[in-house]
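Coordinates from my_file35.cif are shown below (mmCIF, C-alpha atoms).
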```cif
data_protein
loop_
_atom_site.group_PDB
_atom_site.id
_atom_site.type_symbol
_atom_site.label_atom_id
_atom_site.label_comp_id
_atom_site.auth_asym_id
_atom_site.auth_seq_id
_atom_site.Cartn_x
_atom_site.Cartn_y
_atom_site.Cartn_z
ATOM 1 C CA MET A 50 202.232 69.867 87.186
ATOM 2 C CA THR A 51 202.572 68.797 83.575
ATOM 3 C CA THR A 52 200.203 68.737 80.635
ATOM 4 C CA ALA A 53 199.638 65.937 78.172
ATOM 5 C CA GLU A 54 200.255 66.435 74.464
ATOM 6 C CA PRO A 55 197.258 68.295 73.020
ATOM 7 C CA SER A 56 194.894 66.255 70.868
ATOM 8 C CA PRO A 57 193.465 67.625 67.605
ATOM 9 C CA GLN A 58 190.785 70.103 68.534
ATOM 10 C CA PRO A 59 187.427 70.651 66.825
ATOM 11 C CA GLN A 60 186.881 73.953 65.057
ATOM 12 C CA PRO A 61 184.977 76.568 67.103
ATOM 13 C CA SER A 62 181.217 76.588 66.483
ATOM 14 C CA ALA A 63 178.878 79.574 66.291
ATOM 15 C CA SER A 64 177.682 78.807 69.840
ATOM 16 C CA PRO A 65 180.673 78.141 72.109
ATOM 17 C CA ARG A 66 180.394 75.105 74.348
ATOM 18 C CA PRO A 67 180.640 75.697 78.113
ATOM 19 C CA LEU A 68 183.711 74.280 79.858
ATOM 20 C CA ALA A 69 183.614 71.669 82.599
ATOM 21 C CA LEU A 70 186.747 71.134 84.689
ATOM 22 C CA ILE A 71 186.779 67.572 86.053
ATOM 23 C CA THR A 72 189.375 66.348 88.545
ATOM 24 C CA GLY A 73 190.490 62.755 89.030
ATOM 25 C CA VAL A 74 190.208 61.499 85.453
ATOM 26 C CA GLY A 75 193.134 59.096 85.508
ATOM 27 C CA ARG A 76 191.746 55.829 84.130
ATOM 28 C CA THR A 77 189.505 55.039 81.186
ATOM 29 C CA ILE A 78 187.200 52.882 83.367
ATOM 30 C CA GLY A 79 187.012 55.383 86.243
ATOM 31 C CA ILE A 80 184.048 57.475 87.359
ATOM 32 C CA GLY A 81 185.786 60.689 86.305
ATOM 33 C CA ALA A 82 186.263 59.430 82.755
ATOM 34 C CA GLY A 83 182.629 58.335 82.602
ATOM 35 C CA ILE A 84 181.510 61.806 83.685
ATOM 36 C CA ALA A 85 183.810 63.437 81.136
ATOM 37 C CA ARG A 86 182.421 61.322 78.290
ATOM 38 C CA GLN A 87 178.819 62.051 79.269
ATOM 39 C CA LEU A 88 179.318 65.806 79.565
ATOM 40 C CA ALA A 89 181.233 65.919 76.271
ATOM 41 C CA ALA A 90 178.345 64.105 74.583
ATOM 42 C CA SER A 91 175.965 66.677 76.120
ATOM 43 C CA GLY A 92 177.808 69.613 74.579
ATOM 44 C CA TRP A 93 180.530 70.548 77.072
ATOM 45 C CA ASP A 94 184.206 71.196 76.457
ATOM 46 C CA ILE A 95 186.305 69.305 78.988
ATOM 47 C CA ALA A 96 189.470 70.086 80.935
ATOM 48 C CA PHE A 97 190.486 67.225 83.203
ATOM 49 C CA THR A 98 193.183 66.475 85.728
ATOM 50 C CA TYR A 99 194.995 63.262 86.559
ATOM 51 C CA TRP A 100 197.965 62.216 88.701
ATOM 52 C CA THR A 101 199.826 59.159 87.423
ATOM 53 C CA PRO A 102 202.023 58.583 90.527
ATOM 54 C CA TYR A 103 198.871 57.893 92.551
ATOM 55 C CA ASP A 104 197.778 55.146 90.163
ATOM 56 C CA ARG A 105 201.276 53.649 90.207
ATOM 57 C CA ARG A 106 201.168 53.057 93.966
ATOM 58 C CA MET A 107 197.644 51.607 93.928
ATOM 59 C CA ALA A 108 196.800 47.950 93.247
ATOM 60 C CA TRP A 109 195.499 48.644 89.742
ATOM 61 C CA GLY A 110 198.699 50.400 88.634
ATOM 62 C CA GLU A 111 199.258 52.951 85.894
ATOM 63 C CA GLU A 112 197.164 52.730 82.751
ATOM 64 C CA GLN A 113 199.531 53.613 79.932
ATOM 65 C CA GLY A 114 198.115 56.179 77.506
ATOM 66 C CA ALA A 115 194.919 56.713 79.509
ATOM 67 C CA SER A 116 194.850 60.521 79.315
ATOM 68 C CA ALA A 117 195.416 60.497 75.554
ATOM 69 C CA ALA A 118 192.717 57.848 75.048
ATOM 70 C CA ILE A 119 190.224 59.776 77.175
ATOM 71 C CA ALA A 120 191.000 63.017 75.350
ATOM 72 C CA ALA A 121 190.526 61.319 71.976
ATOM 73 C CA THR A 122 187.095 60.041 73.031
ATOM 74 C CA LEU A 123 186.049 63.492 74.195
ATOM 75 C CA THR A 124 187.256 65.054 70.968
ATOM 76 C CA GLY A 125 185.127 62.500 69.126
ATOM 77 C CA HIS A 126 182.101 64.067 70.842
ATOM 78 C CA GLY A 127 183.072 67.488 69.508
ATOM 79 C CA ALA A 128 184.707 68.731 72.717
ATOM 80 C CA ARG A 129 187.830 70.800 73.019
ATOM 81 C CA THR A 130 189.984 69.106 75.640
ATOM 82 C CA ALA A 131 192.870 69.829 77.983
ATOM 83 C CA ALA A 132 194.490 67.021 79.985
ATOM 84 C CA ILE A 133 196.413 68.415 82.965
ATOM 85 C CA GLU A 134 198.588 66.289 85.247
ATOM 86 C CA ALA A 135 198.575 67.773 88.744
ATOM 87 C CA ASP A 136 199.452 66.675 92.271
ATOM 88 C CA LEU A 137 196.656 68.017 94.471
ATOM 89 C CA VAL A 138 198.840 67.675 97.564
ATOM 90 C CA ASP A 139 200.506 70.851 96.283
ATOM 91 C CA PRO A 140 198.453 73.843 97.511
ATOM 92 C CA ASP A 141 199.498 75.812 94.429
ATOM 93 C CA ALA A 142 198.100 73.183 92.035
ATOM 94 C CA PRO A 143 194.489 74.488 91.897
ATOM 95 C CA SER A 144 195.461 77.951 90.645
ATOM 96 C CA ARG A 145 197.791 76.428 88.056
ATOM 97 C CA ILE A 146 195.062 74.036 86.915
ATOM 98 C CA PHE A 147 192.662 76.916 86.336
ATOM 99 C CA ASP A 148 195.391 78.918 84.586
ATOM 100 C CA GLU A 149 196.011 76.036 82.189
ATOM 101 C CA ALA A 150 192.336 75.330 81.557
ATOM 102 C CA GLU A 151 191.674 78.999 80.815
ATOM 103 C CA ARG A 152 194.739 79.311 78.588
ATOM 104 C CA ARG A 153 193.899 76.264 76.506
ATOM 105 C CA ILE A 154 190.100 76.472 76.367
ATOM 106 C CA GLY A 155 188.512 79.315 78.334
ATOM 107 C CA PRO A 156 186.665 80.143 81.571
ATOM 108 C CA VAL A 157 185.240 77.293 83.630
ATOM 109 C CA THR A 158 181.453 77.024 83.975
ATOM 110 C CA ALA A 159 181.184 73.699 85.850
ATOM 111 C CA LEU A 160 183.585 72.222 88.392
ATOM 112 C CA VAL A 161 183.271 68.464 88.983
ATOM 113 C CA LEU A 162 185.395 67.075 91.813
ATOM 114 C CA SER A 163 185.997 63.342 91.389
ATOM 115 C CA HIS A 164 189.591 63.165 92.632
ATOM 116 C CA ALA A 165 190.477 61.120 95.693
ATOM 117 C CA GLU A 166 193.267 59.838 97.874
ATOM 118 C CA SER A 167 192.038 56.457 99.115
ATOM 119 C CA VAL A 168 194.228 54.060 101.084
ATOM 120 C CA ASP A 169 192.536 51.609 103.459
ATOM 121 C CA SER A 170 193.445 51.873 107.145
ATOM 122 C CA GLY A 171 191.617 52.096 110.463
ATOM 123 C CA LEU A 172 191.768 53.935 113.756
ATOM 124 C CA LEU A 173 194.743 51.972 115.083
ATOM 125 C CA ASP A 174 196.959 51.697 111.999
ATOM 126 C CA THR A 175 196.486 54.998 110.130
ATOM 127 C CA THR A 176 199.716 56.999 110.038
ATOM 128 C CA VAL A 177 199.956 60.750 110.507
ATOM 129 C CA GLU A 178 201.454 61.037 107.023
ATOM 130 C CA SER A 179 198.544 59.148 105.482
ATOM 131 C CA LEU A 180 195.905 61.168 107.339
ATOM 132 C CA ASP A 181 197.563 64.423 106.294
ATOM 133 C CA ARG A 182 197.753 63.324 102.653
ATOM 134 C CA HIS A 183 194.079 62.310 102.611
ATOM 135 C CA PHE A 184 192.995 65.647 104.035
ATOM 136 C CA ALA A 185 195.328 67.555 101.707
ATOM 137 C CA VAL A 186 193.862 65.896 98.598
ATOM 138 C CA ASN A 187 190.243 65.234 99.551
ATOM 139 C CA ALA A 188 189.503 68.279 101.709
ATOM 140 C CA ARG A 189 192.072 71.050 101.292
ATOM 141 C CA ALA A 190 192.340 70.711 97.506
ATOM 142 C CA THR A 191 188.541 70.683 97.268
ATOM 143 C CA TRP A 192 188.388 73.969 99.172
ATOM 144 C CA LEU A 193 191.147 75.528 97.062
ATOM 145 C CA LEU A 194 189.580 74.408 93.784
ATOM 146 C CA ILE A 195 186.169 75.736 94.805
ATOM 147 C CA ARG A 196 187.733 78.987 96.001
ATOM 148 C CA GLU A 197 189.595 79.393 92.714
ATOM 149 C CA TYR A 198 186.394 78.671 90.817
ATOM 150 C CA GLY A 199 184.454 81.265 92.822
ATOM 151 C CA LEU A 200 187.113 83.941 92.382
ATOM 152 C CA ARG A 201 187.264 83.417 88.612
ATOM 153 C CA PHE A 202 183.624 82.666 87.749
ATOM 154 C CA ARG A 203 182.417 84.836 84.862
ATOM 155 C CA ALA A 204 179.562 82.838 83.304
ATOM 156 C CA ALA A 205 175.925 83.924 83.303
ATOM 157 C CA PRO A 206 174.163 83.790 86.689
ATOM 158 C CA GLY A 207 172.345 80.484 87.030
ATOM 159 C CA SER A 208 174.714 78.564 84.766
ATOM 160 C CA GLY A 209 177.480 77.732 87.266
ATOM 161 C CA ARG A 210 177.718 74.266 88.753
ATOM 162 C CA ILE A 211 179.833 72.533 91.398
ATOM 163 C CA VAL A 212 179.435 68.776 91.863
ATOM 164 C CA ALA A 213 181.639 66.739 94.223
ATOM 165 C CA LEU A 214 181.783 62.973 94.743
ATOM 166 C CA THR A 215 181.862 61.633 98.281
ATOM 167 C CA SER A 216 181.697 58.430 100.315
ATOM 168 C CA ASP A 217 180.145 57.433 103.636
ATOM 169 C CA HIS A 218 182.665 54.644 104.231
ATOM 170 C CA THR A 219 184.608 54.971 107.486
ATOM 171 C CA VAL A 220 185.169 51.578 109.147
ATOM 172 C CA GLY A 221 188.585 50.315 108.078
ATOM 173 C CA ASN A 222 188.871 53.334 105.822
ATOM 174 C CA LEU A 223 189.220 56.125 108.363
ATOM 175 C CA PRO A 224 191.328 58.769 106.581
ATOM 176 C CA TYR A 225 189.345 58.455 103.355
ATOM 177 C CA GLY A 226 185.941 58.590 104.997
ATOM 178 C CA ALA A 227 186.844 61.393 107.409
ATOM 179 C CA SER A 228 188.353 63.565 104.678
ATOM 180 C CA LYS A 229 185.373 62.936 102.395
ATOM 181 C CA GLY A 230 183.130 64.101 105.232
ATOM 182 C CA ALA A 231 185.075 67.366 105.222
ATOM 183 C CA LEU A 232 184.654 67.561 101.429
ATOM 184 C CA ASP A 233 180.875 67.350 101.918
ATOM 185 C CA ARG A 234 180.792 70.343 104.223
ATOM 186 C CA ILE A 235 183.100 72.450 102.072
ATOM 187 C CA THR A 236 181.027 71.797 98.954
ATOM 188 C CA LEU A 237 177.674 72.377 100.628
ATOM 189 C CA ALA A 238 178.959 75.667 102.057
ATOM 190 C CA ALA A 239 179.514 76.817 98.473
ATOM 191 C CA SER A 240 175.783 76.492 97.738
ATOM 192 C CA HIS A 241 175.252 79.455 100.088
ATOM 193 C CA GLU A 242 178.526 81.374 99.908
ATOM 194 C CA LEU A 243 178.527 81.459 96.087
ATOM 195 C CA ALA A 244 174.826 82.272 95.827
ATOM 196 C CA HIS A 245 175.662 85.790 94.600
ATOM 197 C CA LEU A 246 177.168 84.155 91.482
ATOM 198 C CA GLY A 247 174.100 82.029 90.802
ATOM 199 C CA VAL A 248 176.174 78.856 91.262
ATOM 200 C CA THR A 249 174.680 75.611 92.566
ATOM 201 C CA ALA A 250 176.758 73.137 94.590
ATOM 202 C CA ASN A 251 175.837 69.525 95.315
ATOM 203 C CA VAL A 252 177.493 66.342 96.549
ATOM 204 C CA ILE A 253 176.888 62.855 95.135
ATOM 205 C CA ASN A 254 177.498 59.616 97.004
ATOM 206 C CA PRO A 255 177.662 57.055 94.173
ATOM 207 C CA GLY A 256 177.840 54.030 96.457
ATOM 208 C CA PRO A 257 179.786 50.927 95.366
ATOM 209 C CA VAL A 258 180.950 51.463 91.791
ATOM 210 C CA ASP A 259 182.969 48.756 90.093
ATOM 211 C CA THR A 260 186.011 50.394 88.526
ATOM 212 C CA GLY A 261 188.312 47.406 88.836
ATOM 213 C CA TRP A 262 189.315 47.724 92.499
ATOM 214 C CA MET A 263 186.929 45.142 93.987
ATOM 215 C CA ASN A 264 187.747 41.483 94.559
ATOM 216 C CA ASP A 265 185.125 38.819 93.812
ATOM 217 C CA GLU A 266 184.138 38.322 97.456
ATOM 218 C CA LEU A 267 183.491 42.024 98.045
ATOM 219 C CA SER A 268 181.638 42.318 94.758
ATOM 220 C CA ARG A 269 179.262 39.476 95.666
ATOM 221 C CA LEU A 270 178.639 40.958 99.130
ATOM 222 C CA LEU A 271 177.802 44.385 97.730
ATOM 223 C CA VAL A 272 175.488 42.946 95.097
ATOM 224 C CA ARG A 273 173.600 41.023 97.812
ATOM 225 C CA ASN A 274 173.181 44.243 99.806
ATOM 226 C CA THR A 275 171.836 46.244 96.862
ATOM 227 C CA PRO A 276 168.097 45.945 96.137
ATOM 228 C CA LEU A 277 168.653 46.286 92.387
ATOM 229 C CA GLY A 278 171.041 43.339 92.471
ATOM 230 C CA ARG A 279 174.034 44.871 90.764
ATOM 231 C CA LEU A 280 176.969 47.186 91.314
ATOM 232 C CA GLY A 281 176.999 50.784 90.241
ATOM 233 C CA THR A 282 178.724 51.880 87.055
ATOM 234 C CA PRO A 283 180.528 55.114 86.148
ATOM 235 C CA GLN A 284 177.674 55.838 83.755
ATOM 236 C CA ASP A 285 175.151 55.777 86.624
ATOM 237 C CA THR A 286 177.044 58.611 88.310
ATOM 238 C CA ALA A 287 177.637 60.382 85.013
ATOM 239 C CA HIS A 288 173.906 60.575 84.253
ATOM 240 C CA LEU A 289 173.241 62.348 87.558
ATOM 241 C CA VAL A 290 176.147 64.766 87.103
ATOM 242 C CA ASP A 291 174.892 65.485 83.575
ATOM 243 C CA PHE A 292 171.441 66.323 84.939
ATOM 244 C CA LEU A 293 172.790 68.551 87.712
ATOM 245 C CA CYS A 294 174.930 70.449 85.192
ATOM 246 C CA SER A 295 172.006 70.930 82.809
ATOM 247 C CA PRO A 296 169.519 73.824 82.919
ATOM 248 C CA GLN A 297 166.932 71.323 84.189
ATOM 249 C CA GLY A 298 169.100 70.645 87.258
ATOM 250 C CA GLN A 299 169.344 74.243 88.436
ATOM 251 C CA TRP A 300 166.777 73.939 91.239
ATOM 252 C CA VAL A 301 168.757 71.161 92.957
ATOM 253 C CA ASN A 302 171.178 72.934 95.261
ATOM 254 C CA GLY A 303 172.958 72.303 98.555
ATOM 255 C CA GLN A 304 172.105 68.599 98.535
ATOM 256 C CA LEU A 305 173.941 65.373 99.370
ATOM 257 C CA LEU A 306 172.422 62.932 96.881
ATOM 258 C CA LYS A 307 172.715 59.160 97.120
ATOM 259 C CA SER A 308 172.858 57.476 93.728
ATOM 260 C CA ASN A 309 173.580 53.954 94.905
ATOM 261 C CA GLY A 310 170.740 51.653 93.884
ATOM 262 C CA GLY A 311 169.496 51.611 97.467
ATOM 263 C CA SER A 312 172.581 49.785 98.771
ATOM 264 C CA ALA A 313 172.661 49.291 102.527
#
```

Produce C-alpha cells that represent the structure in this file.
Amino acid sequence: MTTAEPSPQPQPSASPRPLALITGVGRTIGIGAGIARQLAASGWDIAFTYWTPYDRRMAWGEEQGASAAIAATLTGHGARTAAIEADLVDPDAPSRIFDEAERRIGPVTALVLSHAESVDSGLLDTTVESLDRHFAVNARATWLLIREYGLRFRAAPGSGRIVALTSDHTVGNLPYGASKGALDRITLAASHELAHLGVTANVINPGPVDTGWMNDELSRLLVRNTPLGRLGTPQDTAHLVDFLCSPQGQWVNGQLLKSNGGSA
C-alpha cells in the first residue's frame, strides 16, 4: 500500500468536519469520485482509496494523475484529504487503510464502499483464480473494512454510517454478481450487529451508470430499458449517499435501495 503526495490542506475550523472513508476512487469520472466530491461539498473530510494496477488491466486503462486531481477538487470544497493506494486482495490492507486515514486526518465517521473487482465471465469460463479474486475484493475486503470500522468507531451514537454499492448483474458476469451478493449480506448484517454503536448500514444498487465502460450498443439498449430514458450518472448515486450520510438519513437502515431510474 502506498500513499499519494499530500495536497495542501485547509486550516482546521472551529467545528471539525467528520471524516468519510471512501474506497474505489480511482478515476475522476467514476462513481467513487462523484461521491467524494458530493460529500466534500456537504462538509465532510475525505480519505479515499484507489488501486492503479486494476485500472491498468481494464479496458479504460490508467488515468494519469487521477488521485491528485480528485484530491485537489476535494480540497477546493474545504476538505482535508488523504489518498491511499491499496490492494484490497491483501487481507492486511483494511487495517493499514484505517491507520493511514486516522494518522493523516482522524477517526472515520462514515464508511462508503464503492470498490470493485469486475471482470466479465460466465458459469462455463470463469476461472478459479478470477472467482477467488472477486470474492477477496468484493466480499472479504468489505467484511474486513466493516469490521475495522466497527472496532475503531468513536463518533457520537447516531452519527455513524456505512454505505456499500452493489449490483444485481449475474448472467455473463458470474463472479462479480455472486461476490456483490455476498457484499449485500455482509453490509446488511452490520445494520444489526453494529446497532450498539448507533451506526446505520445500507446498500445501494445504482443500476447502469455510464463511467466510460459502455459501448454504444449497450448504452442504447440500457436507455431503452429505463423509463426515464437516460443512463445513470455518478452524481445520481452521490446524492443518495449524501442523504444517507446526513442527519436526515438516519432512519434509513438495513435497506437495499435501488437508485436506477426504474431500469428493468

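Compared by their closest atoms to Thr175 in chain A, and using only C-alpha atoms, the residues A:Leu246, A:Leu68, A:Leu223, A:Leu277 rank with A:Leu223 nearest.
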
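Evaluated on this file, the PyMOL selection byres ((chain A and resi 138-143) around 8) matches Met50, Ala135, Asp136, Leu137, Ser144, Arg145, Ile146, Phe147, Arg182, Ala185, Val186, Arg189, Ala190, Leu193, Leu194 and Glu197 of chain A.
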
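On the file presented, the PyMOL selection byres ((chain A and resi 164) around 7) picks out Thr72, Gly73, Leu162, Ser163 and Ala165 of chain A.
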
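Proximity of A:Ala231, A:Ile211, A:Leu237, A:Ala96 to Glu151 in chain A, computed with all atoms listed in the file, is greatest for A:Ala96.
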
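With all atoms listed in the file as the atoms that count, the minimum distance from Ala132 in chain A to the choices A:Arg201, A:Lys229, A:Arg153, A:Arg66 is reached by A:Arg153.
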
What would the selection look like, as a ChimeraX atom specification, if the PyMOL selection byres ((chain A and resi 109) around 10) were run on the coordinates I just shared? /A:76,104-108,110-112,260-262
